[in-house]
Structures are given as structure tokens and as C-alpha cells.
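Participant: What follows is a single structure, and I will ask about it in a moment.
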Amino acid sequence: MLKSNLAVIILAAGKSTRMKSAVPKVLHPICGRPMLDYVLDLVKGLGASKIITVLGHQHKEVAQLISPGIKVVIQKQLLGTADAVKQASRLLKNFRGTVLVLYADNPLLKKETINNLLKHHRENNLDATLLTSVLDNPTGYGRILRDKYYSICGIAEEKDADGFQKDIKEINTGIACFDSAKLFNALKYVRPNNRKNEYYLTDTIGIVYKNGGLIEGVTLKDVSEAHGINSRIDLARANKIMQQRINEEFMSKGVTIVDPGSTFIGAGAKIGTDTTIYPFTVIENNVKIGKRCLIGPFAHLRESTVIKDGVLVGNFLEIVRSRINPKTIIKHFCYIGDAHIGSRVNIGAGTVVANFDGRKKHPTIIGNGAFIGSDTVLVAPVEVGKYAITGAGSAVINNVAARSTVVGVPARKLLKNNRISLASKSK
Ligand code: UD1
Ligand code: MG
């Protein structure tokens, strides 16, 4: 296959009116990652000589996601998708080859789909190739128009479509590749003669057709990939689809997920083999879990948490910015924050790490083999030594020496004769 020169244009300037949000649409997260990140990922490894992102609405916030190798063009007036591509084309004056257009609100596309689209476009020497999908409910999408020979001859946008066109189930996903010269020429003839008074990129298809250009469609096998996000309802659906993909990926790598429907795992989480995740568990993005762990039910594992092999965490607990070493057990009702917990530690039911003093967060360290009694409050910064014991209901405000036992509020050392030391060790 002849690999023609490739440029990619990502459209992300839109106002996101239908999201009704102060946050730009493309920054809304899907499984913990901004929507735009997924589209930026798609472009990696395509071999594009130029990648251009068109930003507009709240462009300063969105630009923070764009890495240095990607060019940014600002669309000052949001006149429509054709205008957005026109703005990007200013950076492609001397470019000849294939232009791939991606919409930033289409985060569910898979890389292999984009590769297939490009392959079809190049192998058949086409002027435009559209990624299409056939949907039971095509509401909201542009409809693919075909002539009597079944060749694609245009796209009718939902708002401008007549009754017959609205019945068409084949839709435009928004993803397309073009011969650069044909695209740039067609852009000159796009007019905002439609209900939204916008310059539609989709009108270039009718123009290329009228000029005798060759247009074909590649139809998506997995219709979920076509799902564009324009509203919060679309966003929730995309989350569900992405979550299913993430969960299935983990299961295929040897993780047991008892109820995938109630298990929420962030896009960047890592989980080792033979770990079991029980229902109603939330595992955020940069959480790492080792092998043979039992997690949940009802566990919330938040950012920067590392759980090593053979750990038990659940039921009803929250762990954040903490490291839990192998074979430690944290079984019931706990809050663990900013803690470093050794191996083979037993954390009793109801243990709370009081890591925040109202102004700052403080660390807690628990040594290997320690036994933390039920309902212990560890007031950070504090350190519990190896094999130390805290009594049920104790409030630990001072460091606990290795192999010693503390009890009470505030916790004091328990002496051999079961008396309590009245002198508490300072930190
Ligand atoms: C668009 C397509 C429609 C397709 C659907 C798929 C057009 C005219 N219609 O409709 O055929 O079925 O996507 O999801 O293209 N944008 C800009 N600048 C603008 C306007 C939009 O950069 O001036 C960006 C948006 O940020 C968005 C993308 O272009 O990422 C698509 O715009 P949007 O308004 O969401 O178009 P749809 O109505 O979804
Ligand atoms: Mg859209």
C-alpha cells in the first residue's frame, strides 16, 4: 500500500451549548480521563506529518491537554465545522496528501477503525472516505445520502433533513479522510445556508460529488464507536461503554470482576492477575493493585494508591494516596489517607487515619506486622512501629514504639502488669 502523506485535524472548538456547562465539553471526563485525551491517543502512531487541533471556546483551558508536537489553531468565531477545518488548513498550505478529520466529541473510536478507514481511502485512491454507521435511532446525526447507484452523494444534517432523509439509518460519524486538494477546494464553496447558519464540513461531500469526485463509506462494525457526545445523557452513555471496555480488558488479562455493571475502574488503573473485584467498587485512574488481592465490596480506591500482592481491602472503605504492602488486611469500614502501611498488618474495623488538621495533610506510617485495634483513630503525623498493637477505640496521637501496645484516649503504653503508662512519649 502506498502511504501518502497524512495530516490530522482534530476539531475541538465548539461551544458545547447542549452540555449546559461552564467546563468545555472536551474536558468532561470519561472514566476519569478528559474526552479529548482519547482522541489525542487515537492520533498517536498514525504516522501523521502534521497534527492540528482547532480550539476556540475556552481554548486556554483546553490547550493545557495538547502536547508540544501538536499544533493549535484558534477558531475565533465558531462558524461551524467547515470553518474550523478552513482555519486549520492555513497551516497546510504546502501540504499534499490525505487529511483525516476527527471530532473531539467522538472519544469511543478505536485505533484499528481509523487505520481501516485510512487503508480503504488510500488503497482505492478516493477523494473522500467517510466513516459511517447504521443506527436504530439515528436522531441527532447527519444522514448519509446515496444516489441511485448507491454512491454517497451528500450528507443531510438532522436539523435540515426532510422527512424521508430523517428515516435514513446510515449516519455520519464525523470521522472522514479527504484528498487535501479536493477538500480545500470544496471548502471555498461551503455556504451557511442552513437552519444553524453554520458552515458545515458535511457540505463538502455534496460539493466533491458534484465535481465528479470519488466518495465511499466505511461502515463501523461496532456501532458504539460512533457515539458522539453532545449532552450529559450522551456523556453518561459513553462512560458506560468505555467502562465496559475497560472491565472486559481487565477480565481478559486475568482479573475477576464479580459484577462488571457496578464496578467503576479508571482508564489508567493497573490490576494484577487473580485479583478479585467485588461489586460496588470504584478504582480511580492512577491506582495500582497487585496480584491475588480481594477488593470490595464497596471500596473506593482513590488517586495515587498502591496496593501490593495478596492484600484484602473491603467492605466500605476509602483509601487515598497510600501504599499498602503485601498480605495486609483492611477488612471493614475504614478511611486510610496519606499512609504507608507495611506488610501483614491487620487494620481493625472502623480504623480512621485523621490525616488533615484543617490546613495540611500529614503522613501516617504503620510498620510490618502491626495490629491496629478496631475503631483506632491515628492522628497524623504519626508512626506505629513494627508488630505494635493499638487497643480497640484508642486515639493514637504519639508515635508507638515497635512491639509495644497502646490503649485509650489519648493512647498510652500498656505496661506488663496491664497498667497504663501516664507519661506519653512525644513525637
Ligand atoms: C457533527 C456532524 C454530523 C455528525 C456528528 C457526529 C457537522 C456539520 N455535522 O454534528 O454530521 O453526525 O457530528 O457526532 O459537522 N466544532 C468546531 N468549531 C465549530 C463547530 C464545531 O471546532 O465552529 C467542533 C466541536 O467542538 C466538535 C465537532 O466540531 O468537536 C463537531 O461539532 P458538533 O457541534 O458537536 O457537531 P454535531 O452537531 O455533533
Ligand atoms: Mg457533536
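Numbering starts fresh at 1 for the residues of each chain in the C-alpha cells, the chains themselves are lettered A, B, ... in the order given, and ligands are numbered from 1 as they appear.
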Residues at most 6 Å from Gly142 of chain A, counting only C-alpha atoms, excluding those fewer than 3 positions away in the same chain, as a ChimeraX atom specification?
Facilitator: /A:156-158,171-172
Participant: Counting only C-alpha atoms and all ligand atoms, name the residues that have an atom within 8 Å of an atom of ligand 1; the answer should be given as a ChimeraX atom specification.
Facilitator: /A:10-16,25-26,54-56,75,77-85,102-106,140-143,155-158,171-175,198-203,226-230
Participant: Write down as a PyMOL selection string the residues of segment 3-229 of chain A whose backbone DSSP state falls under strand (DSSP E).
Facilitator: chain A and resi 6-12+29-30+33-34+50-55+71-74+98-103+128-134+143-146+152-156+170-179+215-219
Participant: Restricting the calculation to only C-alpha atoms, which member of A:Asp147, A:Asp357, A:Asp179, A:Glu123 is positioned closest to Ala380 of chain A?
Facilitator: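 Smallest separation from Ala380 of chain A among the options: A:Asp357.
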Participant: For the atom pair atom CA of Ile389 of chain A and atom CA of Lys413 of chain A, what is the interatomic distance in Å to one decimal place?
Facilitator: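 Calculated distance between atom CA of Ile389 of chain A and atom CA of Lys413 of chain A is 9.7 Å.
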Participant: Could you list, as a list in words, every residue within 7 Å of Gln58 of chain A, counting only C-alpha atoms and ignoring same-chain residues fewer than 3 positions away?
Facilitator: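 In the requested format, the answer is Pro24, Glu61 and Val62 of chain A.
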Participant: Please determine, counting only C-alpha atoms and all ligand atoms, which residue among A:Pro410, A:Pro107, A:Pro68, A:Gly47 has the shortest atom-to-atom distance to ligand 2.
Facilitator: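 For ligand 2, the nearest of the candidates is A:Pro107.
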Participant: I'd like the neighbourhood of Asp259 of chain A as a ChimeraX atom specification, where a residue qualifies if any of its atoms comes within 9 Å (using only C-alpha atoms), though same-chain residues fewer than 5 positions away should be ignored.
Facilitator: /A:277-280
Participant: For the residues in the current selection, export N, CA, C and O atoms as a JSON list (two decimals), in the first residue's frame.
Facilitator:
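selection.json, written as the output of this step:
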```
[["chain", "number", "residue", "atom", "x", "y", "z"],
["A", 277, "ILE", "N", -12.39, -8.38, 42.13],
["A", 277, "ILE", "CA", -13.03, -7.12, 42.48],
["A", 277, "ILE", "C", -14.50, -7.43, 42.76],
["A", 277, "ILE", "O", -15.22, -7.88, 41.87],
["A", 278, "TYR", "N", -14.93, -7.20, 43.98],
["A", 278, "TYR", "CA", -16.33, -7.43, 44.35],
["A", 278, "TYR", "C", -17.17, -6.20, 43.99],
["A", 278, "TYR", "O", -16.64, -5.11, 43.75],
["A", 279, "PRO", "N", -18.51, -6.37, 43.95],
["A", 279, "PRO", "CA", -19.38, -5.29, 43.43],
["A", 279, "PRO", "C", -19.26, -3.96, 44.17],
["A", 279, "PRO", "O", -18.76, -3.90, 45.29],
["A", 280, "PHE", "N", -19.75, -2.93, 43.49],
["A", 280, "PHE", "CA", -19.84, -1.56, 44.03],
["A", 280, "PHE", "C", -18.48, -1.04, 44.47],
["A", 280, "PHE", "O", -18.30, -0.57, 45.58]]
```
Participant: Hey, what's within 9 Å of Glu248 of chain A if we count only C-alpha atoms and toss same-chain stuff fewer than 5 positions away? As a list in words, please?
Facilitator: Gln243, Lys253, Ile257 and Pro260 of chain A
Participant: Could you please take those selected residues and save C-alpha atoms as a short mmCIF file (atom, residue, chain, number, x, y, z; two decimals), in the first residue's frame?
Facilitator:
```cif
data_model
loop_
_atom_site.label_atom_id
_atom_site.label_comp_id
_atom_site.auth_asym_id
_atom_site.auth_seq_id
_atom_site.Cartn_x
_atom_site.Cartn_y
_atom_site.Cartn_z
CA GLN A 243 -16.33 1.23 31.41
CA LYS A 253 -5.97 -10.28 31.41
CA ILE A 257 -14.81 -8.76 38.25
CA PRO A 260 -18.90 -5.51 35.90
#
```
Participant: Which residues are near segment 321-325 of chain A? Cut-off 12 Å, only C-alpha atoms, ignore same chain within fewer than 3 positions. Put them as a PyMOL selection string.
Facilitator: chain A and resi 284+286-291+293+300-313+318+328-330+335-347+353+355+361-369
Participant: Go ahead and write the residues just picked, C-alpha atoms, as an mmCIF file, in the first residue's frame.
Facilitator:
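Generated file (result.cif):
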```cif
data_model
loop_
_atom_site.group_PDB
_atom_site.id
_atom_site.type_symbol
_atom_site.label_atom_id
_atom_site.label_comp_id
_atom_site.auth_asym_id
_atom_site.auth_seq_id
_atom_site.Cartn_x
_atom_site.Cartn_y
_atom_site.Cartn_z
ATOM 1 C CA GLU A 284 -9.666 5.665 40.198
ATOM 2 C CA ASN A 286 -3.738 6.091 38.838
ATOM 3 C CA VAL A 287 -4.360 3.292 41.316
ATOM 4 C CA LYS A 288 -2.130 0.211 41.123
ATOM 5 C CA ILE A 289 -3.288 -3.115 42.530
ATOM 6 C CA GLY A 290 -1.105 -6.216 42.675
ATOM 7 C CA LYS A 291 -1.873 -9.901 42.176
ATOM 8 C CA CYS A 293 -5.875 -9.209 46.062
ATOM 9 C CA HIS A 300 -13.304 3.412 46.957
ATOM 10 C CA LEU A 301 -9.644 3.417 45.975
ATOM 11 C CA ARG A 302 -8.565 6.927 45.089
ATOM 12 C CA GLU A 303 -5.633 8.565 43.355
ATOM 13 C CA SER A 304 -2.010 7.519 43.941
ATOM 14 C CA THR A 305 -2.890 4.406 45.893
ATOM 15 C CA VAL A 306 -0.648 1.365 45.524
ATOM 16 C CA ILE A 307 -1.851 -1.987 46.791
ATOM 17 C CA LYS A 308 0.680 -4.799 46.695
ATOM 18 C CA ASP A 309 0.113 -8.552 46.210
ATOM 19 C CA GLY A 310 -2.253 -10.543 48.384
ATOM 20 C CA VAL A 311 -3.897 -7.584 50.146
ATOM 21 C CA LEU A 312 -7.544 -7.660 51.306
ATOM 22 C CA VAL A 313 -9.396 -4.339 51.203
ATOM 23 C CA GLU A 318 -11.825 4.663 51.246
ATOM 24 C CA THR A 328 -2.151 -6.688 54.759
ATOM 25 C CA ILE A 329 -5.815 -6.892 55.718
ATOM 26 C CA ILE A 330 -8.126 -3.873 55.913
ATOM 27 C CA TYR A 335 -10.575 5.622 55.991
ATOM 28 C CA ILE A 336 -6.873 5.466 55.084
ATOM 29 C CA GLY A 337 -5.286 8.647 53.699
ATOM 30 C CA ASP A 338 -1.603 9.528 53.083
ATOM 31 C CA ALA A 339 -0.498 6.347 54.823
ATOM 32 C CA HIS A 340 2.311 3.882 54.286
ATOM 33 C CA ILE A 341 1.255 0.534 55.681
ATOM 34 C CA GLY A 342 3.700 -2.357 55.983
ATOM 35 C CA SER A 343 3.148 -6.000 55.120
ATOM 36 C CA ARG A 344 0.972 -8.454 57.099
ATOM 37 C CA VAL A 345 -0.640 -5.602 59.026
ATOM 38 C CA ASN A 346 -4.149 -6.096 60.388
ATOM 39 C CA ILE A 347 -6.228 -2.936 60.379
ATOM 40 C CA VAL A 353 -6.497 7.958 59.695
ATOM 41 C CA ASN A 355 -4.637 12.946 58.066
ATOM 42 C CA LYS A 361 -2.402 16.726 55.187
ATOM 43 C CA HIS A 362 0.051 14.647 57.226
ATOM 44 C CA PRO A 363 1.533 11.155 56.763
ATOM 45 C CA THR A 364 0.954 8.012 58.797
ATOM 46 C CA ILE A 365 3.365 5.085 58.864
ATOM 47 C CA ILE A 366 2.475 1.632 60.143
ATOM 48 C CA GLY A 367 5.245 -0.980 60.436
ATOM 49 C CA ASN A 368 5.134 -4.608 59.279
ATOM 50 C CA GLY A 369 3.005 -6.963 61.323
#
```
Participant: Could you pull the residues within 10 Å of Ile265 of chain A, counting only C-alpha atoms, minus those fewer than 6 positions along the same chain, as a PyMOL selection string?
Facilitator: chain A and resi 31-32+242-244+246-247+250+271+281-287+301
Participant: Using only all heavy atoms, please write the residues we just selected to a file, as a compact mmCIF listing (two decimals), in the first residue's frame.
Facilitator:
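Below you can see result38.txt, which holds the result:
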```
# COMPACT_ATOMS: atom_id res chain seq x y z
N CYS A 31 -14.59 7.91 32.29
CA CYS A 31 -13.79 7.01 33.12
C CYS A 31 -12.52 7.71 33.61
O CYS A 31 -11.41 7.16 33.54
CB CYS A 31 -13.47 5.72 32.37
SG CYS A 31 -14.95 4.79 32.00
N GLY A 32 -12.70 8.93 34.07
CA GLY A 32 -11.61 9.65 34.73
C GLY A 32 -10.65 10.39 33.81
O GLY A 32 -9.72 11.04 34.30
N MET A 242 -17.36 2.91 27.71
CA MET A 242 -15.92 2.88 27.99
C MET A 242 -15.64 1.98 29.20
O MET A 242 -14.68 1.22 29.22
CB MET A 242 -15.42 4.30 28.24
CG MET A 242 -13.92 4.41 28.32
SD MET A 242 -13.07 3.91 26.81
CE MET A 242 -13.27 5.37 25.80
N GLN A 243 -16.52 2.05 30.22
CA GLN A 243 -16.33 1.23 31.41
C GLN A 243 -16.39 -0.26 31.06
O GLN A 243 -15.59 -1.06 31.55
CB GLN A 243 -17.40 1.57 32.46
CG GLN A 243 -17.09 0.98 33.80
CD GLN A 243 -15.76 1.49 34.33
OE1 GLN A 243 -15.67 2.59 34.81
NE2 GLN A 243 -14.70 0.69 34.24
N GLN A 244 -17.32 -0.58 30.19
CA GLN A 244 -17.43 -1.99 29.78
C GLN A 244 -16.14 -2.44 29.08
O GLN A 244 -15.62 -3.52 29.34
CB GLN A 244 -18.62 -2.14 28.85
CG GLN A 244 -18.97 -3.59 28.59
CD GLN A 244 -20.17 -3.73 27.68
OE1 GLN A 244 -20.92 -2.79 27.48
NE2 GLN A 244 -20.32 -4.90 27.12
N ILE A 246 -13.11 -1.19 29.49
CA ILE A 246 -12.02 -1.27 30.47
C ILE A 246 -12.16 -2.56 31.28
O ILE A 246 -11.21 -3.32 31.46
CB ILE A 246 -12.03 -0.03 31.40
CG1 ILE A 246 -11.62 1.22 30.61
CG2 ILE A 246 -11.10 -0.23 32.60
CD1 ILE A 246 -11.77 2.54 31.37
N ASN A 247 -13.38 -2.82 31.76
CA ASN A 247 -13.60 -4.02 32.58
C ASN A 247 -13.30 -5.29 31.79
O ASN A 247 -12.68 -6.23 32.30
CB ASN A 247 -15.03 -4.04 33.11
CG ASN A 247 -15.27 -2.96 34.16
OD1 ASN A 247 -14.35 -2.23 34.52
ND2 ASN A 247 -16.48 -2.84 34.65
N PHE A 250 -9.60 -5.88 31.53
CA PHE A 250 -9.03 -6.45 32.76
C PHE A 250 -9.39 -7.93 32.88
O PHE A 250 -8.55 -8.75 33.23
CB PHE A 250 -9.50 -5.69 34.00
CG PHE A 250 -8.69 -4.43 34.25
CD1 PHE A 250 -9.30 -3.19 34.27
CD2 PHE A 250 -7.32 -4.50 34.45
CE1 PHE A 250 -8.55 -2.04 34.48
CE2 PHE A 250 -6.56 -3.35 34.67
CZ PHE A 250 -7.19 -2.12 34.69
N ILE A 271 -4.18 -3.48 37.43
CA ILE A 271 -4.62 -4.54 38.35
C ILE A 271 -3.95 -5.85 37.94
O ILE A 271 -3.97 -6.22 36.76
CB ILE A 271 -6.17 -4.70 38.32
CG1 ILE A 271 -6.86 -3.35 38.55
CG2 ILE A 271 -6.63 -5.72 39.37
CD1 ILE A 271 -8.36 -3.38 38.39
N THR A 281 -17.54 -1.18 43.58
CA THR A 281 -16.18 -0.73 43.87
C THR A 281 -15.79 0.34 42.84
O THR A 281 -16.11 0.22 41.67
CB THR A 281 -15.22 -1.93 43.82
OG1 THR A 281 -15.51 -2.75 44.96
CG2 THR A 281 -13.77 -1.53 43.84
N VAL A 282 -15.13 1.38 43.34
CA VAL A 282 -14.66 2.46 42.47
C VAL A 282 -13.13 2.50 42.58
O VAL A 282 -12.60 2.68 43.68
CB VAL A 282 -15.25 3.83 42.88
CG1 VAL A 282 -14.71 4.94 41.99
CG2 VAL A 282 -16.78 3.79 42.85
N ILE A 283 -12.47 2.31 41.46
CA ILE A 283 -11.00 2.35 41.44
C ILE A 283 -10.60 3.48 40.50
O ILE A 283 -10.90 3.44 39.31
CB ILE A 283 -10.43 0.99 40.96
CG1 ILE A 283 -10.86 -0.11 41.93
CG2 ILE A 283 -8.91 1.05 40.84
CD1 ILE A 283 -10.60 -1.52 41.44
N GLU A 284 -9.96 4.50 41.03
CA GLU A 284 -9.67 5.66 40.20
C GLU A 284 -8.42 5.46 39.34
O GLU A 284 -7.67 4.50 39.51
CB GLU A 284 -9.55 6.91 41.08
CG GLU A 284 -10.90 7.28 41.67
CD GLU A 284 -10.89 8.56 42.46
OE1 GLU A 284 -9.87 9.26 42.52
OE2 GLU A 284 -11.97 8.87 43.04
N ASN A 285 -8.23 6.44 38.46
CA ASN A 285 -7.21 6.40 37.42
C ASN A 285 -5.84 5.86 37.74
O ASN A 285 -5.39 4.91 37.13
CB ASN A 285 -7.00 7.82 36.92
CG ASN A 285 -7.82 8.06 35.72
OD1 ASN A 285 -8.54 7.15 35.31
ND2 ASN A 285 -7.73 9.23 35.17
N ASN A 286 -5.12 6.52 38.66
CA ASN A 286 -3.74 6.09 38.84
C ASN A 286 -3.56 5.24 40.09
O ASN A 286 -2.65 5.44 40.87
CB ASN A 286 -2.77 7.27 38.80
CG ASN A 286 -3.10 8.28 39.87
OD1 ASN A 286 -4.14 8.16 40.50
ND2 ASN A 286 -2.24 9.25 40.09
N VAL A 287 -4.45 4.27 40.22
CA VAL A 287 -4.36 3.29 41.32
C VAL A 287 -3.70 2.03 40.76
O VAL A 287 -3.99 1.62 39.64
CB VAL A 287 -5.77 2.97 41.86
CG1 VAL A 287 -5.74 1.79 42.82
CG2 VAL A 287 -6.37 4.21 42.51
N LEU A 301 -11.10 3.28 45.99
CA LEU A 301 -9.64 3.42 45.98
C LEU A 301 -9.31 4.63 45.12
O LEU A 301 -9.57 4.64 43.92
CB LEU A 301 -8.99 2.15 45.42
CG LEU A 301 -9.43 0.85 46.09
CD1 LEU A 301 -8.68 -0.33 45.52
CD2 LEU A 301 -9.22 0.93 47.61
```
Participant: Can you work out which one of A:Ile207, A:Val218, A:Val407, A:Leu235 has the shortest atom-to-atom distance to Cys153 of chain A, counting only C-alpha atoms?
Facilitator: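 Of A:Ile207, A:Val218, A:Val407, A:Leu235, the one nearest Cys153 of chain A is A:Ile207, counting only C-alpha atoms.
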Participant: Which one is closest to ligand 2: A:Arg18, A:Leu131, A:Ser394, A:Leu145? Count only C-alpha atoms and all ligand atoms.
Facilitator: A:Arg18
Participant: What gap, in Å, lies between atom CA of Thr132 of chain A and atom CA of Ile74 of chain A?
Facilitator: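 Between atom CA of Thr132 of chain A and atom CA of Ile74 of chain A the gap is 28.1 Å.
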